[in-house]
Structures are given as C-alpha cells and as structure tokens.
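Data from coords_17.txt: compact mmCIF, C-alpha atoms
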```
# COMPACT_ATOMS: atom_id res chain seq x y z
CA MET M 21 106.91 123.12 121.67
CA TYR M 22 108.50 119.71 121.21
CA ASN M 23 112.05 119.21 122.49
CA ALA M 24 113.93 116.12 121.33
CA PHE M 25 115.05 113.71 124.04
CA ILE M 26 117.75 111.02 123.73
CA ASN M 27 119.10 108.68 126.37
CA ILE M 28 121.78 106.10 125.61
CA ALA M 29 122.98 103.48 128.10
CA ILE M 30 125.97 101.26 127.34
CA VAL M 31 126.75 98.32 129.64
CA GLN M 32 130.31 97.08 129.40
CA VAL M 33 130.47 93.29 129.05
CA PRO M 34 133.58 91.56 130.42
CA SER M 35 135.84 89.84 127.88
CA LYS M 36 138.72 87.43 128.19
CA ALA M 37 141.21 90.26 127.74
CA TYR M 38 139.34 92.69 130.02
CA ALA M 39 137.65 90.61 132.71
CA ASP M 40 136.96 93.60 134.97
CA ARG M 41 134.99 95.70 132.47
CA ASN M 42 131.58 96.10 134.13
CA LYS M 43 130.67 99.79 134.03
CA THR M 44 127.40 101.29 132.85
CA ILE M 45 127.83 104.62 131.11
CA SER M 46 125.14 106.93 129.78
CA PHE M 47 124.76 109.79 127.32
CA ASP M 48 122.00 112.30 126.69
CA PHE M 49 123.35 113.30 123.28
CA CYS M 50 124.80 111.83 120.12
CA GLU M 51 125.69 113.27 116.74
CA SER M 52 123.37 110.84 114.96
CA TYR M 53 121.79 107.40 115.08
CA SER M 54 120.10 105.10 112.58
CA TRP M 55 118.28 101.79 112.98
CA LYS M 56 116.47 99.60 110.42
CA THR M 57 114.02 96.97 111.62
CA SER M 58 112.01 94.45 109.60
CA CYS M 59 110.70 90.93 110.11
CA LYS M 60 112.04 90.05 106.64
CA ASN M 61 115.62 90.73 107.73
CA MET M 62 116.87 88.33 110.37
CA THR M 63 119.01 91.00 112.07
CA ASP M 64 118.04 94.59 112.87
CA LYS M 65 121.08 96.83 112.38
CA GLY M 66 122.12 100.42 112.88
CA MET M 67 124.76 102.96 113.81
CA VAL M 68 125.35 105.40 116.67
CA VAL M 69 127.79 108.26 116.12
CA PHE M 70 129.36 110.32 118.92
CA PRO M 71 131.45 113.46 118.55
CA LYS M 72 134.83 113.26 120.29
CA ASN M 73 134.14 116.42 122.30
CA LEU M 74 131.38 114.94 124.45
CA TYR M 75 130.69 114.23 128.11
CA TYR M 76 129.37 110.90 129.37
CA LYS M 77 128.17 109.77 132.80
CA ASP M 78 130.02 106.91 134.47
CA GLU M 79 128.50 104.33 136.83
CA THR M 80 128.69 106.82 139.73
CA GLY M 81 126.80 109.50 137.80
CA GLN M 82 129.84 111.72 137.34
CA SER M 83 130.22 113.56 134.04
CA LYS M 84 133.51 112.92 132.25
CA PRO M 85 134.74 114.22 128.88
CA PHE M 86 136.01 111.97 126.12
CA ASN M 87 138.94 114.29 125.51
CA GLY M 88 139.73 115.60 128.97
CA ASP M 89 140.16 112.19 130.57
CA ARG M 90 142.14 110.80 127.62
CA VAL M 91 139.53 108.08 127.27
CA ASN M 92 140.65 105.02 125.35
CA VAL M 93 137.61 104.61 123.11
CA GLY M 94 138.50 101.59 121.02
CA GLY M 95 141.11 99.85 123.13
CA PHE M 96 144.75 99.83 122.13
CA ASN M 97 146.95 99.58 125.21
CA SER M 98 144.48 100.13 128.09
CA VAL M 99 140.92 99.25 129.06
CA PRO M 100 138.60 100.51 126.27
CA LEU M 101 135.42 102.47 126.89
CA PHE M 102 133.56 100.57 124.15
CA LEU M 103 134.06 97.00 122.95
CA ARG M 104 132.36 94.67 120.52
CA GLY M 105 129.73 92.78 122.52
CA ASP M 106 128.80 95.61 124.90
CA LYS M 107 125.06 96.05 125.43
CA ILE M 108 123.51 99.27 124.17
CA GLU M 109 120.06 100.77 124.59
CA LEU M 110 118.90 103.99 122.96
CA LYS M 111 115.65 105.70 123.85
CA ALA M 112 114.40 108.71 121.92
CA GLY M 113 111.33 110.92 121.82
CA TYR M 114 110.06 114.33 122.84
CA VAL M 115 109.36 116.41 125.91
CA TYR M 116 106.36 118.73 125.48
CA ARG M 117 103.39 120.26 127.26
CA ASN M 118 99.90 119.00 126.56
CA ALA M 119 96.72 121.07 126.27
CA SER M 120 96.45 121.20 130.08
CA GLY M 121 99.98 122.53 130.43
CA ALA M 122 101.39 119.34 131.98
CA GLU M 123 104.87 118.32 130.85
CA ILE M 124 104.86 115.04 128.95
CA THR M 125 107.88 112.90 128.11
CA GLU M 126 107.02 110.51 125.29
CA THR M 127 109.84 108.15 124.39
CA ALA M 128 110.35 104.71 122.85
CA THR M 129 113.19 102.21 122.95
CA ILE M 130 114.64 102.47 119.45
CA ILE M 131 117.77 100.33 119.88
CA ASN M 132 118.20 97.41 122.25
CA GLY M 133 121.12 95.26 121.24
CA PHE M 134 124.87 94.89 121.10
CA ILE M 135 127.83 96.74 119.65
CA SER M 136 129.06 94.69 116.70
CA LYS M 137 131.96 96.96 115.68
CA VAL M 138 133.77 100.00 117.08
CA HIS M 139 135.22 102.55 114.68
CA ALA M 140 137.67 104.46 116.90
CA THR M 141 137.73 107.44 114.58
CA VAL M 142 136.50 111.02 114.83
CA PRO M 143 133.55 111.10 115.02
CA ILE M 144 133.27 107.84 117.01
CA GLN M 145 131.05 105.31 115.23
CA LEU M 146 129.45 102.24 116.80
CA GLU M 147 127.85 99.59 114.58
CA VAL M 148 124.97 97.95 116.44
CA GLU M 149 122.86 94.79 115.99
CA ASP M 150 119.86 93.44 117.88
CA ASN M 151 119.75 90.22 119.92
CA MET M 152 120.37 88.13 116.80
CA TRP M 153 124.03 89.15 117.30
CA ILE M 154 124.13 86.80 120.31
CA LEU M 155 122.81 83.87 118.24
CA LYS M 156 125.64 84.48 115.78
CA GLN M 157 128.07 83.81 118.66
CA VAL M 158 126.35 80.60 119.88
CA PRO M 159 127.74 77.37 118.35
CA LEU M 160 125.20 74.56 118.40
CA ALA M 161 126.06 71.00 119.31
CA ASN M 162 125.93 68.59 116.36
CA ARG M 163 122.56 66.90 116.43
CA THR M 164 120.10 64.98 114.27
CA PHE M 165 116.39 65.73 114.62
CA GLU M 166 114.38 62.72 113.52
CA SER M 167 111.43 62.97 111.14
CA GLY M 168 108.38 64.40 112.87
CA THR M 169 110.25 66.89 115.05
CA SER M 170 108.22 70.08 115.55
CA LEU M 171 109.38 73.63 114.97
CA GLU M 172 108.64 74.30 118.67
CA SER M 173 111.12 71.58 119.69
CA ILE M 174 113.85 73.06 117.51
CA LEU M 175 113.26 76.59 118.80
CA THR M 176 113.25 75.33 122.39
CA TRP M 177 116.68 73.77 121.80
CA VAL M 178 118.05 76.89 120.08
CA VAL M 179 116.87 79.24 122.84
CA ASP M 180 118.03 76.87 125.58
CA SER M 181 121.47 76.67 123.94
CA ALA M 182 121.64 80.47 123.80
CA ASN M 183 120.52 80.91 127.41
CA LYS M 184 123.25 78.52 128.59
CA SER M 185 125.95 80.10 126.44
CA SER M 186 128.78 82.21 127.80
CA ALA M 187 127.89 84.93 125.29
CA LEU M 188 124.50 85.50 126.94
CA ALA M 189 125.51 84.67 130.50
CA LYS M 190 127.65 87.81 130.68
CA THR M 191 124.70 90.06 129.83
CA ASN M 192 122.15 89.00 132.50
CA THR M 193 119.64 88.37 129.71
CA GLN M 194 117.45 85.37 128.92
CA PHE M 195 115.65 84.67 125.64
CA SER M 196 112.20 83.20 125.03
CA TYR M 197 110.56 82.17 121.75
CA LYS M 198 107.28 82.22 119.84
CA SER M 199 106.59 79.76 117.04
CA LEU M 200 104.61 81.45 114.25
CA THR M 201 103.91 78.18 112.41
CA THR M 202 102.75 74.76 113.61
CA THR M 203 104.62 72.15 111.58
CA THR M 204 106.98 69.18 111.72
CA PHE M 205 110.10 68.43 109.71
CA ASP M 206 111.60 65.47 107.98
CA GLN M 207 115.02 64.56 109.34
CA LEU M 208 117.01 67.71 110.10
CA ILE M 209 120.77 67.47 110.67
CA VAL M 210 122.65 70.23 112.52
CA ASN M 211 126.37 70.11 111.87
CA ASN M 212 128.90 72.82 112.80
CA GLU M 213 126.39 75.68 112.72
CA THR M 214 125.70 78.64 114.95
CA ALA M 215 122.16 79.27 116.13
CA ALA M 216 121.80 82.11 113.61
CA GLN M 217 123.08 79.92 110.76
CA LEU M 218 120.45 77.28 111.54
CA LEU M 219 117.70 79.91 111.51
CA ASN M 220 119.02 81.24 108.22
CA ARG M 221 118.89 77.70 106.78
CA LEU M 222 115.25 77.40 107.88
CA HIS M 223 114.60 80.58 105.91
CA ARG M 224 116.41 79.41 102.76
CA GLN M 225 114.91 75.92 102.71
CA TYR M 226 111.45 76.49 104.14
CA GLY M 227 110.79 80.21 103.84
CA PHE M 228 110.54 80.68 107.62
CA PHE M 229 111.18 84.19 108.92
CA SER M 230 113.19 84.62 112.13
CA TYR M 231 113.45 87.87 114.06
CA PHE M 232 113.54 89.24 117.59
CA ARG M 233 110.88 91.34 119.25
CA GLY M 234 112.70 92.43 122.39
CA THR M 235 114.16 89.25 123.89
CA GLU M 236 111.58 87.00 122.20
CA LEU M 237 112.79 85.02 119.18
CA ARG M 238 110.04 84.53 116.62
CA CYS M 239 110.14 82.04 113.76
CA GLY M 240 107.68 80.73 111.18
CA SER M 241 106.07 81.24 107.80
CA LEU M 242 103.84 83.98 109.23
CA ARG M 243 105.45 87.38 109.77
CA TYR M 244 103.02 89.33 111.91
CA VAL M 245 101.23 88.78 115.21
CA THR M 246 97.85 90.36 114.48
CA ASP M 247 96.56 90.89 118.03
CA GLU M 248 99.58 92.97 119.10
CA ALA M 249 99.38 95.46 116.21
CA VAL M 250 98.83 99.12 117.09
CA THR M 251 97.00 101.42 114.62
CA GLU M 252 98.12 105.04 114.24
CA LYS M 253 96.74 107.76 111.94
CA PHE M 254 98.91 109.73 109.50
CA ILE M 255 97.69 112.69 107.45
CA MET M 256 99.55 113.57 104.27
CA ASN M 257 98.47 117.20 103.73
CA GLY M 258 96.98 120.19 105.49
CA GLU M 259 97.44 121.86 108.86
CA LYS M 260 97.16 118.58 110.77
CA GLY M 261 99.49 116.73 108.39
CA ASN M 262 102.20 114.65 110.10
CA VAL M 263 103.82 113.19 106.99
CA CYS M 264 106.96 115.05 105.87
CA ALA M 265 106.84 116.36 102.29
CA GLU M 266 110.50 115.48 101.87
CA GLY M 267 111.30 111.78 101.96
CA GLN M 268 107.85 110.73 100.77
CA GLU M 269 108.24 107.79 98.40
CA LEU M 270 104.62 106.76 97.97
CA GLU M 271 103.09 105.77 94.66
CA TYR M 272 99.42 105.11 94.00
CA GLN M 273 98.77 102.02 91.87
CA ARG M 274 95.59 100.57 90.44
CA LYS M 275 94.86 96.87 90.23
CA ASP M 276 94.84 97.19 86.45
CA ASP M 277 98.60 97.83 86.51
CA ILE M 278 99.50 94.95 88.84
CA VAL M 279 100.71 91.54 87.71
CA LEU M 280 101.48 89.00 90.44
CA SER M 281 102.61 85.39 90.31
CA ALA M 282 103.93 82.83 92.74
CA VAL M 283 105.48 79.39 92.94
CA ALA M 284 104.41 77.40 96.00
CA HIS M 285 105.77 74.02 97.07
CA ASN M 286 106.09 71.43 99.79
CA VAL M 287 107.80 68.07 100.18
CA ILE M 288 105.50 65.29 101.37
CA THR M 289 106.26 61.77 102.55
CA GLU M 290 104.23 58.93 101.04
CA THR M 291 104.19 55.18 101.48
CA SER M 292 105.90 53.47 98.56
CA GLY M 293 104.84 49.88 99.16
CA GLY M 294 106.56 47.05 100.99
CA THR M 295 108.20 47.14 104.39
CA THR M 296 111.66 47.77 105.80
CA LYS M 297 113.77 45.23 107.72
CA ASP M 298 112.27 46.64 110.90
CA GLY M 299 108.76 45.97 109.65
CA ASN M 300 107.88 49.61 109.01
CA SER M 301 106.21 50.75 105.80
CA LYS M 302 108.61 52.02 103.17
CA THR M 303 108.24 55.71 102.38
CA ALA M 304 109.41 58.09 99.69
CA LYS M 305 109.53 61.88 99.52
CA ARG M 306 107.77 63.75 96.73
CA ARG M 307 107.90 67.46 95.91
CA ILE M 308 104.56 69.03 95.08
CA GLU M 309 104.64 72.38 93.30
CA VAL M 310 102.10 74.78 91.81
CA PHE M 311 102.15 78.02 89.85
CA VAL M 312 99.59 80.75 90.55
CA SER M 313 99.11 84.10 88.80
CA LEU M 314 96.84 87.09 89.34
CA TYR M 315 96.26 89.49 86.45
CA ASN M 316 93.30 91.72 85.54
CA GLY M 317 91.40 90.30 88.49
CA GLU M 318 91.69 86.75 87.17
CA LEU M 319 93.36 83.99 89.19
CA THR M 320 94.95 81.17 87.24
CA SER M 321 96.81 78.16 88.55
CA LYS M 322 98.45 74.95 87.41
CA THR M 323 100.31 72.02 88.91
CA ILE M 324 104.00 71.79 88.05
CA SER M 325 104.80 68.16 87.34
CA ALA M 326 108.18 66.55 87.96
CA GLY M 327 110.66 67.77 85.33
CA GLU M 328 108.35 70.60 84.18
CA ARG M 329 109.67 74.16 84.21
CA VAL M 330 107.90 77.05 85.91
CA PRO M 331 106.75 79.76 83.44
CA ASN M 332 109.19 82.66 83.03
CA ASN M 333 108.50 85.88 84.89
CA ASP M 334 108.38 88.33 81.98
CA GLU M 335 106.51 91.05 83.87
CA GLY M 336 105.23 91.84 87.33
CA GLU M 337 106.26 90.51 90.74
CA ARG M 338 107.16 86.86 91.37
CA ARG M 339 107.08 85.32 94.84
CA GLU M 340 108.07 81.91 96.17
CA PHE M 341 106.25 80.19 99.03
CA PHE M 342 106.91 77.11 101.11
CA PHE M 343 103.79 75.84 102.88
CA PRO M 344 104.68 72.82 105.06
CA GLU M 345 101.08 72.42 106.23
CA CYS M 346 99.79 71.84 102.65
CA LYS M 347 99.68 68.17 101.70
CA THR M 348 98.02 68.47 98.25
CA GLU M 349 98.37 70.64 95.16
CA ALA M 350 94.86 72.01 95.78
CA GLU M 351 95.85 73.17 99.26
CA LEU M 352 98.99 74.81 97.85
CA ILE M 353 96.94 76.69 95.25
CA ASP M 354 94.47 77.93 97.86
CA ARG M 355 97.23 79.23 100.19
CA ALA M 356 99.21 80.85 97.37
CA GLN M 357 96.13 82.62 96.03
CA LYS M 358 95.35 84.05 99.46
CA GLU M 359 98.92 85.34 99.79
CA LEU M 360 98.84 87.00 96.37
CA GLU M 361 95.46 88.62 97.03
CA GLN M 362 97.03 90.55 99.93
CA TYR M 363 99.12 92.50 97.43
CA TYR M 364 96.41 92.99 94.81
CA PHE M 365 94.73 96.29 95.65
CA ASP M 366 94.14 99.87 94.55
CA GLY M 367 96.30 101.90 96.87
CA LEU M 368 99.66 103.22 97.93
CA ARG M 369 103.00 101.45 97.80
CA GLY M 370 106.37 102.58 99.08
CA SER M 371 107.40 104.51 102.19
CA PHE M 372 106.97 107.86 103.88
CA ARG M 373 108.88 109.90 106.43
CA THR M 374 107.41 111.30 109.63
CA TRP M 375 108.46 112.45 113.09
CA ALA M 376 109.44 110.13 115.93
CA ILE M 377 105.91 110.06 117.36
CA PRO M 378 103.61 108.27 117.12
CA TYR M 379 106.18 105.45 117.42
CA ILE M 380 105.61 102.69 114.84
CA LYS M 381 106.97 99.12 114.71
CA HIS M 382 106.92 96.64 111.85
CA GLY M 383 103.68 94.69 112.13
CA ASP M 384 101.71 97.77 113.24
CA ASN M 385 99.01 99.36 111.09
CA VAL M 386 98.96 102.88 109.68
CA ASP M 387 95.72 104.63 108.79
CA LEU M 388 96.77 106.93 105.93
CA LYS M 389 94.61 109.92 105.03
CA ASN M 390 95.08 112.27 102.07
CA PRO M 391 92.61 115.20 102.16
CA LEU M 392 93.55 116.17 98.60
CA TYR M 393 93.07 112.67 97.17
CA PRO M 394 90.67 110.76 99.44
CA GLU M 395 90.69 107.75 97.09
CA GLN M 396 94.21 107.10 98.41
CA ASP M 397 92.97 106.70 102.00
CA GLY M 398 93.55 103.27 103.46
CA LEU M 399 94.72 101.06 106.30
CA TYR M 400 98.12 99.48 105.66
CA LYS M 401 100.35 96.91 107.34
CA VAL M 402 103.86 98.17 108.15
CA GLY M 403 106.62 95.96 106.73
CA ALA M 404 109.71 97.83 107.94
CA VAL M 405 110.74 100.99 109.78
CA GLU M 406 113.96 102.98 109.68
CA TYR M 407 114.57 105.27 112.65
CA TYR M 408 117.16 108.02 112.61
CA GLY M 409 118.08 111.16 114.44
CA SER M 410 120.71 113.84 114.06
CA THR M 411 121.63 117.32 115.22
CA THR M 412 120.41 118.73 111.88
CA ASP M 413 117.26 116.68 111.11
CA GLY M 414 115.93 115.98 114.60
CA LEU M 415 114.15 112.65 115.21
CA ARG M 416 112.52 110.87 112.27
CA GLN M 417 111.18 107.50 111.16
CA ILE M 418 110.70 106.16 107.63
CA ILE M 419 107.72 103.80 107.48
CA GLU M 420 107.60 101.20 104.70
CA LEU M 421 104.20 99.81 103.71
CA ASP M 422 103.74 96.09 103.11
CA PHE M 423 100.12 95.58 102.00
CA LYS M 424 96.68 97.16 102.29
CA ILE M 425 94.37 95.72 104.92
CA ASP M 426 90.99 97.22 104.01
CA LYS M 427 90.97 96.28 100.33
CA ALA M 428 88.02 97.35 98.21
```

Produce structure tokens that represent the structure in this file.
Amino acid sequence: MYNAFINIAIVQVPSKAYADRNKTISFDFCESYSWKTSCKNMTDKGMVVFPKNLYYKDETGQSKPFNGDRVNVGGFNSVPLFLRGDKIELKAGYVYRNASGAEITETATIINGFISKVHATVPIQLEVEDNMWILKQVPLANRTFESGTSLESILTWVVDSANKSSALAKTNTQFSYKSLTTTTFDQLIVNNETAAQLLNRLHRQYGFFSYFRGTELRCGSLRYVTDEAVTEKFIMNGEKGNVCAEGQELEYQRKDDIVLSAVAHNVITETSGGTTKDGNSKTAKRRIEVFVSLYNGELTSKTISAGERVPNNDEGERREFFFPECKTEAELIDRAQKELEQYYFDGLRGSFRTWAIPYIKHGDNVDLKNPLYPEQDGLYKVGAVEYYGSTTDGLRQIIELDFKIDKA
C-alpha cells in the first residue's frame, strides 16, 4: 500500500519592516499544491493552499494551530507568518513496503523557491516561483559589453550581481551558472534592467532559453543537458499500467499528416572596405536569413534576400530559430533542417497523467509502451511537467512530450 507523504518547510526571510523574522516552520499537510516546470518558460510557478484549521511546527518543533494562536497569516498589524520573499520547499512522494517488507520512503523535491504572493483568505493561498524570482529583484548596473563578449562573461556578471545582492544575501543561497551555447555578441548595452529582464531580452532577440535547475542558472540556444537525463518506463494499458486513463491527452500522428517550416537567421559582421580613424578595418552588419520546410518527407530550403518576405504559414507548424554560430546561409539551412527533423516522426504528441513516482523532470526521457497498440511505443524527450497534489486526487504529475528520440 502506498501512503502519500508531504513535507513543506518555509523559512522566513527578514524584511525592512520585519527585521527579526527568521523562523523556520514546517507542515506535513496541505489542501493542495501545483507546480509547472519547463525550460521554455523562464520561471517555474505554482501554488500551495493551506486550510485555516491546520497545525504547523515552529522552529522549536512545537505544533501550533493557525486558528488557536490567532496567527497573523498575511500581516496586517503584527508580524506575519508568511511574507512575499520567504523561501519555501515542498517534498512529496510515498511511503510503502517493498517486496522484502522493508519500509521505503520515496520522495522528490517538487518546489524549491520563494513566495511571490500571499492571499490571506480562507483557504490560505501562497503563489510560489522558483529562483528566477530572485533575479527579478536584482537591478543590474548600467554597462556596455563590447563586441566579442562571450555568453559566459555575461552570465558570470549576472550571477555575480545576484550573489552580491541583498535579495539573495538574506537567504543564505548562492547561484552558479551553465552556458548551453558557446557564442559571442556584438555590442550589448544594459540599461536600467533587472537580471531577469536581461535574460528575457536574450530570449527575444537571440532565442536563448534561460531557466534554473536547482540553484544553477542555465542559458543558451540548447534546452536539454543530454548526459543528465533519466529514462523511466510508462505503460499505458494492462495490469502493470502506470498511466492514468483520465487526463491522457495523447494523439498518435503519422509523418504524412505533419507539415513543418522554420525561419532561421543570424547577424554577421563583415568588412566593408577602408579603415576607421583609428586604423581599424571598417565593418558592417548583415542579416542572413533562410526558410526551410519539411513536408511529405521532402526538405526544401531557400535564402531570404534583403527586402524579401518569408512565405506565409498557411498550414502546419512554423518555428523561428536564431543560430549565432552559423556564419553562412548554408550553415543556417543545415541547422534548421536538423531542428525540424526532431519533430518529424510517426508517434505520440501531447501529455499524459501519472502518479508521483517515478519522478520526472523536463529534459528526462520517457519510454512509453502501449500493449494494445505497439506501433505507438517509443522513447520521448520530456518538454514540461506539471506536478499537483490534493486531498481528493492524491499526488500526480502531468508529463508533456517534446519530441521522439528513437525515430524510425
């Protein structure tokens, strides 16, 4: 028998108004929680809901009731129990006995972040965000990065600014980073931006994804770190099935029904002839752009000249790529074709619901088996996961597929 297990720890973070708030309080129950995580969304977000009639443990381990102690949950005229900026960690899983009769506790850290908003209502609702919430509070100094600055240099500066900030200093946490792309930039000007706003600009202008894995900030055109992916098996039917019938949003598609296209670009710097007053060669920037399509197994491509319009997307899926490492139209075409081919397969698309174990993260792989329709079997990359738990539904996770790995 599997018994659900939840442990929530909230660390009060001192504020200007409440400098002495420093307690750690814990709960072994909540009415519900939800948490959505994806490398495509810069911030992982969720909600934790507590009933008013609930006991919590204070820093001494004593149990105290919300109601009985007249706890000031949201803060009106006394020190609040919860405040925006408090750290929160939620672990969930199951306690069960294995085949040998030994008791096993299998849990995972679902939420590790900060309270972004307190709804002091009944039931009590806490909006929560991951470590990106801190970067939204960190103003960056105005700075100009000269042409040739690497992504690693920019991320080093961002993380160093965060680690020295008052927002992070109060939490006893330090960030690190991983660059997922090796590239350099033309001149990049930072002016009156937070760290999160700069990362968002890198996404809008260059297509770089930024997200946290624990306390590690990751940024680049790649989304997944292949060598850290875990593969878990899921069975869709039968006695050993671990995919819930309800909440299954999977659709099988054949290649014949798929139409994909993409626009890929980069901006390159070329010598334009002559020299500057300083004796350096004059340069000019030029945008290179290509259009690639994949239909009925046939790849087509063309260069988009200056002033030429990209073909309309009348059917199918259209993607846009920025490839800073590509210096020619031919290189752009090759990279864009490889990206499109990831999504051109006979197989399943969509999401499915399962229990809280085995625990899955975005970037992991799922080995899907369907005994009734074995042609649907396949190994898929996970693009996003939504975790949730409640007193009525127990512990669940909704796994969203990105692309098929073992294409035929």

Q | M:Tyr379, M:Tyr22, M:Tyr231, M:Tyr408 ranked by distance to Glu123 (chain M), top pick (using all atoms listed in the file) | A |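 Using all atoms listed in the file, Glu123 (chain M) sits closest to M:Tyr22.
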
Q | Proximity to Pro34 (chain M) - best of M:Gln82, M:Thr129, M:Asn262, M:Thr191, only C-alpha atoms | A |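 Checking each candidate against Pro34 (chain M), we get M:Thr191 as the closest.
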
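Taking CA of Gln194 (chain M) as the reference point, CA of Leu208 (chain M) is found at 25.8 Å.
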
Mind running region 217-299 of chain M against region 340-361 of chain M at 9 Å and telling me each contacting residue's nearest atom pair with the distance in Å (one decimal), counting all atoms listed in the file, chain and number ascending, as JSON lines?
```
{"residue": "M:Gln225", "atom": "CA", "partner": "M:Phe342", "partner_atom": "CA", "distance": 8.2}
{"residue": "M:Tyr226", "atom": "CA", "partner": "M:Phe342", "partner_atom": "CA", "distance": 5.5}
{"residue": "M:Gly227", "atom": "CA", "partner": "M:Phe342", "partner_atom": "CA", "distance": 5.7}
{"residue": "M:Phe228", "atom": "CA", "partner": "M:Phe342", "partner_atom": "CA", "distance": 8.3}
{"residue": "M:Ser241", "atom": "CA", "partner": "M:Phe343", "partner_atom": "CA", "distance": 7.7}
{"residue": "M:Leu280", "atom": "CA", "partner": "M:Leu360", "partner_atom": "CA", "distance": 6.8}
{"residue": "M:Ser281", "atom": "CA", "partner": "M:Leu360", "partner_atom": "CA", "distance": 7.3}
{"residue": "M:Ala282", "atom": "CA", "partner": "M:Glu340", "partner_atom": "CA", "distance": 5.5}
{"residue": "M:Val283", "atom": "CA", "partner": "M:Glu340", "partner_atom": "CA", "distance": 4.8}
{"residue": "M:Ala284", "atom": "CA", "partner": "M:Phe341", "partner_atom": "CA", "distance": 4.5}
{"residue": "M:His285", "atom": "CA", "partner": "M:Phe342", "partner_atom": "CA", "distance": 5.2}
{"residue": "M:Asn286", "atom": "CA", "partner": "M:Pro344", "partner_atom": "CA", "distance": 5.6}
{"residue": "M:Val287", "atom": "CA", "partner": "M:Pro344", "partner_atom": "CA", "distance": 7.5}
{"residue": "M:Ile288", "atom": "CA", "partner": "M:Lys347", "partner_atom": "CA", "distance": 6.5}
```

Q) With all atoms listed in the file as the basis for distance, which of M:His139, M:Arg224, M:Arg338, M:Lys381 is at the shortest distance from Val69 (chain M)? A) M:His139

Q) For Ser54 (chain M), which of M:Lys424, M:Arg233, M:Lys322, M:Arg416 is the closest residue, counting only C-alpha atoms? A)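 Residue with the minimum atom-to-atom distance to Ser54 (chain M): M:Arg416.
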
**Q.** Exercise: Ala189 (chain M) partners within 12 Å, only C-alpha atoms, chain neighbours under 6 positions left out, as a PyMOL selection string
**A.** chain M and resi 33-35+154+158+180-183+195

Q: Could you pull out every residue with an atom within 10 Å of (102.9, 110.0, 120.9), file coordinates, counting only C-alpha atoms, and send them as a list in words?
A: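 Protein and nucleic acid residues near the point are Gly113, Tyr114, Ile124, Thr125, Glu126, Thr127, Ala128, Glu252, Trp375, Ala376, Ile377, Pro378, Tyr379 and Ile380 of chain M.
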
(Q) Using all atoms listed in the file for the distances, tell me which of M:Cys50, M:Ser371, M:Leu218, M:Phe229 is nearest to Ala265 (chain M). (A) M:Ser371

Start from the incomplete input, build all heavy atoms for region 132-138 of chain M, and deliver everything as a tab-separated table (two decimals), in the frame of the given file.
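Ended up saving to rebuild_15.tsv:
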```
chain	number	residue	atom	x	y	z
M	132	ASN	N	117.92	98.26	121.09
M	132	ASN	CA	118.20	97.41	122.25
M	132	ASN	C	118.99	96.21	121.73
M	132	ASN	O	118.42	95.25	121.22
M	132	ASN	CB	116.91	96.96	122.92
M	132	ASN	CG	117.15	96.27	124.25
M	132	ASN	OD1	118.30	96.05	124.63
M	132	ASN	ND2	116.09	95.93	124.95
M	133	GLY	N	120.31	96.31	121.83
M	133	GLY	CA	121.12	95.26	121.24
M	133	GLY	C	122.55	95.29	121.71
M	133	GLY	O	122.82	95.58	122.88
M	134	PHE	N	123.46	95.04	120.76
M	134	PHE	CA	124.87	94.89	121.10
M	134	PHE	C	125.74	95.62	120.07
M	134	PHE	O	125.38	95.70	118.89
M	134	PHE	CB	125.25	93.41	121.14
M	134	PHE	CG	124.54	92.64	122.21
M	134	PHE	CD1	123.27	92.11	121.98
M	134	PHE	CD2	125.11	92.47	123.46
M	134	PHE	CE1	122.60	91.41	122.97
M	134	PHE	CE2	124.44	91.78	124.46
M	134	PHE	CZ	123.19	91.25	124.22
M	135	ILE	N	126.86	96.13	120.55
M	135	ILE	CA	127.83	96.74	119.65
M	135	ILE	C	128.52	95.63	118.86
M	135	ILE	O	129.08	94.70	119.43
M	135	ILE	CB	128.88	97.55	120.45
M	135	ILE	CG1	128.21	98.71	121.18
M	135	ILE	CG2	129.97	98.07	119.52
M	135	ILE	CD1	129.14	99.47	122.11
M	136	SER	N	128.44	95.71	117.55
M	136	SER	CA	129.06	94.69	116.70
M	136	SER	C	130.42	95.13	116.15
M	136	SER	O	131.22	94.31	115.73
M	136	SER	CB	128.14	94.31	115.54
M	136	SER	OG	127.82	95.46	114.76
M	137	LYS	N	130.67	96.46	116.15
M	137	LYS	CA	131.96	96.96	115.68
M	137	LYS	C	132.17	98.37	116.20
M	137	LYS	O	131.23	99.17	116.23
M	137	LYS	CB	132.03	96.94	114.15
M	137	LYS	CG	133.41	97.26	113.60
M	137	LYS	CD	133.47	97.07	112.09
M	137	LYS	CE	134.86	97.32	111.55
M	137	LYS	NZ	134.94	97.11	110.08
M	138	VAL	N	133.41	98.66	116.60
M	138	VAL	CA	133.77	100.00	117.08
M	138	VAL	C	134.73	100.63	116.08
M	138	VAL	O	135.79	100.07	115.79
M	138	VAL	CB	134.44	99.95	118.47
M	138	VAL	CG1	134.84	101.36	118.91
M	138	VAL	CG2	133.51	99.31	119.48
```
